[in-house]
file run17.pdb (PDB, C-alpha atoms)
ATOM      1  CA  MET A  19      66.116 195.698 134.353
ATOM      2  CA  ALA A  20      64.947 196.052 130.734
ATOM      3  CA  LYS A  21      63.502 199.500 131.454
ATOM      4  CA  ARG A  22      66.728 200.672 133.062
ATOM      5  CA  ALA A  23      68.788 199.277 130.157
ATOM      6  CA  LEU A  24      66.582 201.139 127.680
ATOM      7  CA  ASP A  25      66.887 204.342 129.702
ATOM      8  CA  THR A  26      70.684 204.059 129.795
ATOM      9  CA  VAL A  27      71.089 203.381 126.085
ATOM     10  CA  ALA A  28      68.493 205.931 124.974
ATOM     11  CA  SER A  29      69.842 208.732 127.172
ATOM     12  CA  ALA A  30      73.450 208.078 126.137
ATOM     13  CA  VAL A  31      72.550 208.034 122.439
ATOM     14  CA  GLY A  32      70.353 211.088 122.889
ATOM     15  CA  LEU A  33      73.121 213.084 124.534
ATOM     16  CA  ILE A  34      75.510 212.194 121.718
ATOM     17  CA  LEU A  35      73.068 212.996 118.910
ATOM     18  CA  LEU A  36      71.911 216.201 120.583
ATOM     19  CA  ALA A  37      75.390 217.427 121.532
ATOM     20  CA  LEU A  38      75.325 220.285 118.998
ATOM     21  CA  PRO A  39      71.748 221.475 119.746
ATOM     22  CA  LEU A  40      72.469 221.287 123.481
ATOM     23  CA  SER A  41      75.585 223.400 123.004
ATOM     24  CA  LEU A  42      73.669 225.986 120.952
ATOM     25  CA  ILE A  43      70.913 226.193 123.565
ATOM     26  CA  ALA A  44      73.496 226.635 126.301
ATOM     27  CA  LEU A  45      75.109 229.442 124.316
ATOM     28  CA  ALA A  46      71.728 231.123 123.748
ATOM     29  CA  VAL A  47      70.969 231.048 127.489
ATOM     30  CA  LEU A  48      74.396 232.451 128.289
ATOM     31  CA  LEU A  49      74.176 235.293 125.758
ATOM     32  CA  ASP A  50      70.624 236.191 126.759
ATOM     33  CA  SER A  51      70.935 236.340 130.535
ATOM     34  CA  GLY A  52      74.422 235.300 131.558
ATOM     35  CA  PRO A  53      75.418 232.392 133.772
ATOM     36  CA  PRO A  54      74.465 229.933 135.060
ATOM     37  CA  VAL A  55      73.288 228.006 132.022
ATOM     38  CA  LEU A  56      71.775 225.166 134.043
ATOM     39  CA  PHE A  57      69.103 225.354 136.701
ATOM     40  CA  ARG A  58      69.566 222.847 139.506
ATOM     41  CA  GLN A  59      66.728 222.006 141.853
ATOM     42  CA  THR A  60      66.200 219.410 144.563
ATOM     43  CA  ARG A  61      63.436 216.982 143.655
ATOM     44  CA  ILE A  62      62.178 213.765 145.206
ATOM     45  CA  GLY A  63      63.008 210.557 143.380
ATOM     46  CA  LEU A  64      63.100 206.788 143.788
ATOM     47  CA  ASN A  65      62.147 205.613 147.294
ATOM     48  CA  GLY A  66      61.560 209.202 148.384
ATOM     49  CA  LYS A  67      65.231 210.153 148.164
ATOM     50  CA  PRO A  68      66.186 213.672 147.028
ATOM     51  CA  PHE A  69      68.319 214.277 143.951
ATOM     52  CA  THR A  70      69.396 217.287 141.914
ATOM     53  CA  MET A  71      67.351 217.667 138.738
ATOM     54  CA  LEU A  72      68.830 219.583 135.807
ATOM     55  CA  LYS A  73      67.162 221.984 133.390
ATOM     56  CA  PHE A  74      68.308 224.761 131.127
ATOM     57  CA  ARG A  75      67.715 227.949 133.069
ATOM     58  CA  THR A  76      64.629 229.731 131.724
ATOM     59  CA  MET A  77      64.185 232.369 134.435
ATOM     60  CA  ILE A  78      66.319 235.120 135.882
ATOM     61  CA  ALA A  79      68.999 234.025 138.320
ATOM     62  CA  ASP A  80      67.740 233.345 141.856
ATOM     63  CA  ALA A  81      64.124 233.369 140.680
ATOM     64  CA  GLU A  82      63.137 230.828 143.333
ATOM     65  CA  SER A  83      63.661 233.434 146.038
ATOM     66  CA  THR A  84      60.336 234.962 144.957
ATOM     67  CA  GLY A  85      58.406 231.685 144.644
ATOM     68  CA  ARG A  86      58.720 228.130 143.292
ATOM     69  CA  LEU A  87      55.635 228.031 141.093
ATOM     70  CA  SER A  88      55.786 229.666 137.676
ATOM     71  CA  VAL A  89      52.378 231.074 136.802
ATOM     72  CA  GLY A  90      51.134 232.270 133.397
ATOM     73  CA  ALA A  91      53.226 234.968 131.733
ATOM     74  CA  ASP A  92      55.752 234.940 134.550
ATOM     75  CA  PRO A  93      57.876 238.122 134.283
ATOM     76  CA  ARG A  94      60.864 236.198 135.651
ATOM     77  CA  VAL A  95      61.061 234.109 132.459
ATOM     78  CA  THR A  96      63.774 235.270 130.049
ATOM     79  CA  ARG A  97      63.346 235.762 126.295
ATOM     80  CA  THR A  98      65.210 232.551 125.508
ATOM     81  CA  GLY A  99      63.416 230.850 128.363
ATOM     82  CA  ARG A 100      60.012 231.467 126.793
ATOM     83  CA  ILE A 101      61.071 229.641 123.642
ATOM     84  CA  LEU A 102      62.646 226.771 125.561
ATOM     85  CA  ARG A 103      59.518 226.339 127.680
ATOM     86  CA  GLN A 104      57.206 226.467 124.672
ATOM     87  CA  TYR A 105      58.931 223.480 123.086
ATOM     88  CA  LYS A 106      59.976 221.819 126.402
ATOM     89  CA  LEU A 107      63.636 222.115 125.365
ATOM     90  CA  ASP A 108      64.562 223.187 128.881
ATOM     91  CA  GLU A 109      63.979 219.571 129.966
ATOM     92  CA  LEU A 110      66.719 218.104 127.737
ATOM     93  CA  PRO A 111      69.503 218.192 130.387
ATOM     94  CA  GLN A 112      67.462 215.631 132.308
ATOM     95  CA  LEU A 113      68.912 213.066 129.916
ATOM     96  CA  VAL A 114      71.943 213.338 132.211
ATOM     97  CA  ASN A 115      69.698 212.505 135.180
ATOM     98  CA  VAL A 116      68.399 209.481 133.256
ATOM     99  CA  LEU A 117      71.919 208.318 132.425
ATOM    100  CA  LYS A 118      72.953 208.652 136.086
ATOM    101  CA  GLY A 119      69.948 206.643 137.237
ATOM    102  CA  ASP A 120      68.135 209.460 139.029
ATOM    103  CA  MET A 121      65.311 209.436 136.489
ATOM    104  CA  SER A 122      63.698 207.417 133.717
ATOM    105  CA  LEU A 123      62.470 208.516 130.301
ATOM    106  CA  VAL A 124      58.889 207.858 131.465
ATOM    107  CA  GLY A 125      57.614 208.061 135.002
ATOM    108  CA  PRO A 126      55.886 210.368 137.472
ATOM    109  CA  ARG A 127      57.325 213.859 137.307
ATOM    110  CA  PRO A 128      59.524 214.478 140.359
ATOM    111  CA  GLU A 129      58.115 216.952 142.875
ATOM    112  CA  VAL A 130      59.907 219.501 145.017
ATOM    113  CA  PRO A 131      60.062 218.355 148.670
ATOM    114  CA  GLU A 132      57.222 220.625 149.832
ATOM    115  CA  PHE A 133      54.736 218.887 147.500
ATOM    116  CA  ALA A 134      56.182 215.354 147.466
ATOM    117  CA  PHE A 135      54.723 214.039 150.717
ATOM    118  CA  VAL A 136      51.375 215.818 150.962
ATOM    119  CA  TYR A 137      49.235 212.708 150.367
ATOM    120  CA  PRO A 138      49.816 209.113 151.614
ATOM    121  CA  GLU A 139      49.367 207.759 148.080
ATOM    122  CA  GLN A 140      52.558 209.509 147.011
ATOM    123  CA  ALA A 141      54.602 206.849 148.812
ATOM    124  CA  GLU A 142      53.576 204.434 146.045
ATOM    125  CA  VAL A 143      54.408 207.027 143.386
ATOM    126  CA  TRP A 144      58.016 207.247 144.566
ATOM    127  CA  SER A 145      58.441 203.456 144.424
ATOM    128  CA  VAL A 146      59.571 203.976 140.805
ATOM    129  CA  ARG A 147      62.031 206.363 139.188
ATOM    130  CA  PRO A 148      60.532 209.727 138.183
ATOM    131  CA  GLY A 149      60.492 210.539 134.496
ATOM    132  CA  ILE A 150      61.155 213.263 131.938
ATOM    133  CA  THR A 151      57.613 212.769 130.677
ATOM    134  CA  ASP A 152      54.697 211.268 132.510
ATOM    135  CA  PRO A 153      51.068 210.110 132.366
ATOM    136  CA  THR A 154      49.816 213.675 132.905
ATOM    137  CA  ALA A 155      52.032 215.302 130.282
ATOM    138  CA  VAL A 156      49.254 215.747 127.719
ATOM    139  CA  GLN A 157      46.454 216.966 129.990
ATOM    140  CA  PHE A 158      48.627 219.359 131.993
ATOM    141  CA  TYR A 159      51.019 220.378 129.203
ATOM    142  CA  ASN A 160      50.429 224.074 129.914
ATOM    143  CA  GLU A 161      50.232 223.806 133.671
ATOM    144  CA  SER A 162      51.367 227.369 134.303
ATOM    145  CA  THR A 163      48.356 228.628 132.306
ATOM    146  CA  LEU A 164      45.996 226.642 134.531
ATOM    147  CA  LEU A 165      47.686 228.032 137.627
ATOM    148  CA  ALA A 166      47.384 231.583 136.294
ATOM    149  CA  LYS A 167      43.595 231.255 136.299
ATOM    150  CA  ALA A 168      43.505 230.292 139.985
ATOM    151  CA  GLU A 169      42.925 232.838 142.728
ATOM    152  CA  ASN A 170      45.650 231.174 144.808
ATOM    153  CA  PRO A 171      47.976 229.156 142.527
ATOM    154  CA  THR A 172      49.767 227.345 145.360
ATOM    155  CA  THR A 173      46.527 226.238 147.002
ATOM    156  CA  TYR A 174      45.071 225.226 143.618
ATOM    157  CA  TYR A 175      48.142 223.142 142.825
ATOM    158  CA  ARG A 176      48.180 221.470 146.231
ATOM    159  CA  GLU A 177      44.440 220.781 146.505
ATOM    160  CA  VAL A 178      43.342 220.307 142.867
ATOM    161  CA  LEU A 179      46.178 219.472 140.480
ATOM    162  CA  LEU A 180      48.370 217.456 142.847
ATOM    163  CA  PRO A 181      45.631 214.986 143.901
ATOM    164  CA  GLU A 182      44.684 214.408 140.247
ATOM    165  CA  LYS A 183      48.307 213.935 139.252
ATOM    166  CA  THR A 184      48.889 211.556 142.162
ATOM    167  CA  ARG A 185      45.872 209.441 141.184
ATOM    168  CA  ARG A 186      47.140 209.146 137.608
ATOM    169  CA  TYR A 187      50.675 208.362 138.794
ATOM    170  CA  VAL A 188      49.429 205.556 141.045
ATOM    171  CA  ASP A 189      47.470 204.093 138.109
ATOM    172  CA  TYR A 190      50.647 204.296 136.023
ATOM    173  CA  VAL A 191      52.818 202.595 138.653
ATOM    174  CA  ARG A 192      50.346 199.741 139.028
ATOM    175  CA  GLY A 193      49.852 199.149 135.312
ATOM    176  CA  ARG A 194      53.030 200.318 133.598
ATOM    177  CA  THR A 195      54.397 198.298 130.702
ATOM    178  CA  PHE A 196      56.900 198.871 127.928
ATOM    179  CA  CYS A 197      54.029 199.576 125.540
ATOM    180  CA  SER A 198      52.419 202.090 127.900
ATOM    181  CA  ASP A 199      55.736 203.932 128.213
ATOM    182  CA  VAL A 200      56.109 204.107 124.434
ATOM    183  CA  ARG A 201      52.526 205.378 124.145
ATOM    184  CA  ILE A 202      53.200 208.150 126.674
ATOM    185  CA  ILE A 203      56.337 209.216 124.791
ATOM    186  CA  PHE A 204      54.421 209.462 121.496
ATOM    187  CA  GLN A 205      51.507 211.287 123.136
ATOM    188  CA  THR A 206      53.948 213.822 124.557
ATOM    189  CA  LEU A 207      55.689 214.326 121.208
ATOM    190  CA  LEU A 208      52.358 214.784 119.422
ATOM    191  CA  ARG A 209      51.266 217.360 121.996
ATOM    192  CA  MET A 210      54.548 219.228 121.538
ATOM    193  CA  LEU A 211      53.987 219.289 117.765
ATOM    194  CA  ARG A 212      50.425 220.550 118.174
ATOM    195  CA  GLU A 213      51.580 223.294 120.524
ATOM    196  CA  SER A 214      54.327 224.407 118.134
ATOM    197  CA  GLU A 215      51.859 224.499 115.225
ATOM    198  CA  THR A 216      49.431 226.539 117.324
ATOM    199  CA  GLN A 217      52.149 229.045 118.217
ATOM    200  CA  ASP A 218      53.332 229.279 114.596
ATOM    201  CA  GLY A 219      49.789 230.036 113.523
ATOM    202  CA  VAL A 220      49.340 232.911 115.956
TER     203      VAL A 220
END

call {"tool": "encode", "arguments": {"input": "run17.pdb", "output": "structure tokens"}}
result
Amino acid sequence: MAKRALDTVASAVGLILLALPLSLIALAVLLDSGPPVLFRQTRIGLNGKPFTMLKFRTMIADAESTGRLSVGADPRVTRTGRILRQYKLDELPQLVNVLKGDMSLVGPRPEVPEFAFVYPEQAEVWSVRPGITDPTAVQFYNESTLLAKAENPTTYYREVLLPEKTRRYVDYVRGRTFCSDVRIIFQTLLRMLRESETQDGV
């Protein structure tokens, strides 16, 4: 109950405080590549139930028709989308998902249906709400870069990254506390800052 109360208050306050930046990002997406501004995708959430996750659209319209995974310097990513992805700003609309109760601030990242039920251990993962950030956020911050190095990105994700993520998610579910959630949030923010400094120095 305390975690859900924190999620509700934090997401509501966040949406209010970020109203102007969110509006400016939406305008930038619209001017760069037209509508729609938001990308909606079915993900698996609490108790294995599907929900619609929101992001700012970072790829050309209907990009999923040519594949779900985004790998390396994906040519489908728009100019504005590259900036949003670099700083993870495309994830901000998920504050709405948190407010609605579909997601939490911290929790296992929700998977698309085709990857959500590959391993039996994932049943335990979906016993909690998925999150905006998660226990793997630091290690796999640039996941698309890792996938770009693989001969078959889909197979690599399914057989290498997904099992490792699932193991870490199960550990999180079994040992999660308020303090561990706060630590994950700060680790994610620090990684974002390091990435932005690295890009600025290029």

call {"tool": "residues_around", "arguments": {"input": "run17.pdb", "residues": "stretch 192-203 of chain A", "least_positions_apart": "3", "cutoff": "12 Å", "atoms": "all atoms listed in the file", "output": "PyMOL selection string"}}
result
chain A and resi 19-22+24-25+122-126+142-143+145-146+149-157+185-189+206-210

call {"tool": "closest_residue", "arguments": {"input": "run17.pdb", "among": "A:Leu33, A:Phe133, A:Pro68, A:Arg75", "to": "A:Pro181", "atoms": "all atoms listed in the file"}}
result
A:Phe133

call {"tool": "residues_around", "arguments": {"input": "run17.pdb", "residues": "A:Arg100", "least_positions_apart": "5", "cutoff": "10 Å", "atoms": "only C-alpha atoms", "output": "list of chain:residue names"}}
result
A:Thr76, A:Met77, A:Ala91, A:Asp92, A:Val95, A:Tyr105, A:Lys106, A:Asp108

call {"tool": "closest_residue", "arguments": {"input": "run17.pdb", "among": "A:Thr184, A:Asn160, A:Asn170, A:Leu117", "to": "A:Val136", "atoms": "only C-alpha atoms"}}
result
A:Thr184

call {"tool": "atom_distance", "arguments": {"input": "run17.pdb", "atom1": "atom CA of A:Arg103", "atom2": "atom CA of A:Tyr137"}}
result
28.4 Å

call {"tool": "atom_distance", "arguments": {"input": "run17.pdb", "atom1": "atom CA of A:Val31", "atom2": "atom CA of A:Lys118"}}
result
13.7 Å

call {"tool": "atom_distance", "arguments": {"input": "run17.pdb", "atom1": "atom CA of A:Pro148", "atom2": "atom CA of A:Pro171"}}
result
23.5 Å

call {"tool": "resolve_selection", "arguments": {"input": "run17.pdb", "expression": "the PyMOL selection byres ((chain A and resi 48-59) around 7)", "output": "count of residues only"}}
result
13

call {"tool": "resolve_selection", "arguments": {"input": "run17.pdb", "expression": "the PyMOL selection byres ((chain A and resi 63) around 7)", "output": "list in words"}}
result
Arg61, Ile62, Leu64, Asn65, Gly66, Lys67, Pro68, Phe69, Asp120, Pro128, Trp144, Arg147 and Pro148 of chain A

call {"tool": "closest_residue", "arguments": {"input": "run17.pdb", "among": "A:Tyr175, A:Phe158, A:Phe204, A:Tyr190", "to": "A:Glu132", "atoms": "all atoms listed in the file"}}
result
A:Tyr175

call {"tool": "build_atoms", "arguments": {"input": "run17.pdb", "residues": "stretch 178-195 of chain A", "atoms": "N, CA and C atoms", "output": "short mmCIF file (atom, residue, chain, number, x, y, z; two decimals), in the frame of the given file"}}
result
data_model
loop_
_atom_site.label_atom_id
_atom_site.label_comp_id
_atom_site.auth_asym_id
_atom_site.auth_seq_id
_atom_site.Cartn_x
_atom_site.Cartn_y
_atom_site.Cartn_z
N VAL A 178 44.05 220.73 144.08
CA VAL A 178 43.34 220.31 142.87
C VAL A 178 44.24 219.52 141.92
N LEU A 179 45.32 220.14 141.45
CA LEU A 179 46.18 219.47 140.48
C LEU A 179 46.95 218.31 141.08
N LEU A 180 47.53 218.50 142.25
CA LEU A 180 48.37 217.46 142.85
C LEU A 180 47.60 216.17 143.14
N PRO A 181 46.38 216.23 143.70
CA PRO A 181 45.63 214.99 143.90
C PRO A 181 45.32 214.25 142.59
N GLU A 182 44.97 215.02 141.54
CA GLU A 182 44.68 214.41 140.25
C GLU A 182 45.94 213.78 139.65
N LYS A 183 47.05 214.49 139.74
CA LYS A 183 48.31 213.94 139.25
C LYS A 183 48.67 212.66 140.01
N THR A 184 48.54 212.70 141.33
CA THR A 184 48.89 211.56 142.16
C THR A 184 48.05 210.34 141.80
N ARG A 185 46.75 210.54 141.57
CA ARG A 185 45.87 209.44 141.18
C ARG A 185 46.35 208.81 139.87
N ARG A 186 46.69 209.66 138.90
CA ARG A 186 47.14 209.15 137.61
C ARG A 186 48.50 208.45 137.74
N TYR A 187 49.36 208.99 138.58
CA TYR A 187 50.68 208.36 138.79
C TYR A 187 50.54 206.98 139.41
N VAL A 188 49.65 206.85 140.40
CA VAL A 188 49.43 205.56 141.04
C VAL A 188 48.91 204.55 140.02
N ASP A 189 47.98 204.98 139.17
CA ASP A 189 47.47 204.09 138.11
C ASP A 189 48.61 203.67 137.20
N TYR A 190 49.50 204.62 136.89
CA TYR A 190 50.65 204.30 136.02
C TYR A 190 51.56 203.27 136.69
N VAL A 191 51.91 203.50 137.94
CA VAL A 191 52.82 202.60 138.65
C VAL A 191 52.26 201.18 138.69
N ARG A 192 50.96 201.06 138.90
CA ARG A 192 50.35 199.74 139.03
C ARG A 192 50.17 199.03 137.69
N GLY A 193 50.11 199.79 136.60
CA GLY A 193 49.85 199.15 135.31
C GLY A 193 50.90 199.40 134.24
N ARG A 194 52.05 199.93 134.61
CA ARG A 194 53.03 200.32 133.60
C ARG A 194 53.59 199.11 132.85
N THR A 195 53.78 199.30 131.57
CA THR A 195 54.40 198.30 130.70
C THR A 195 55.30 199.03 129.71
#
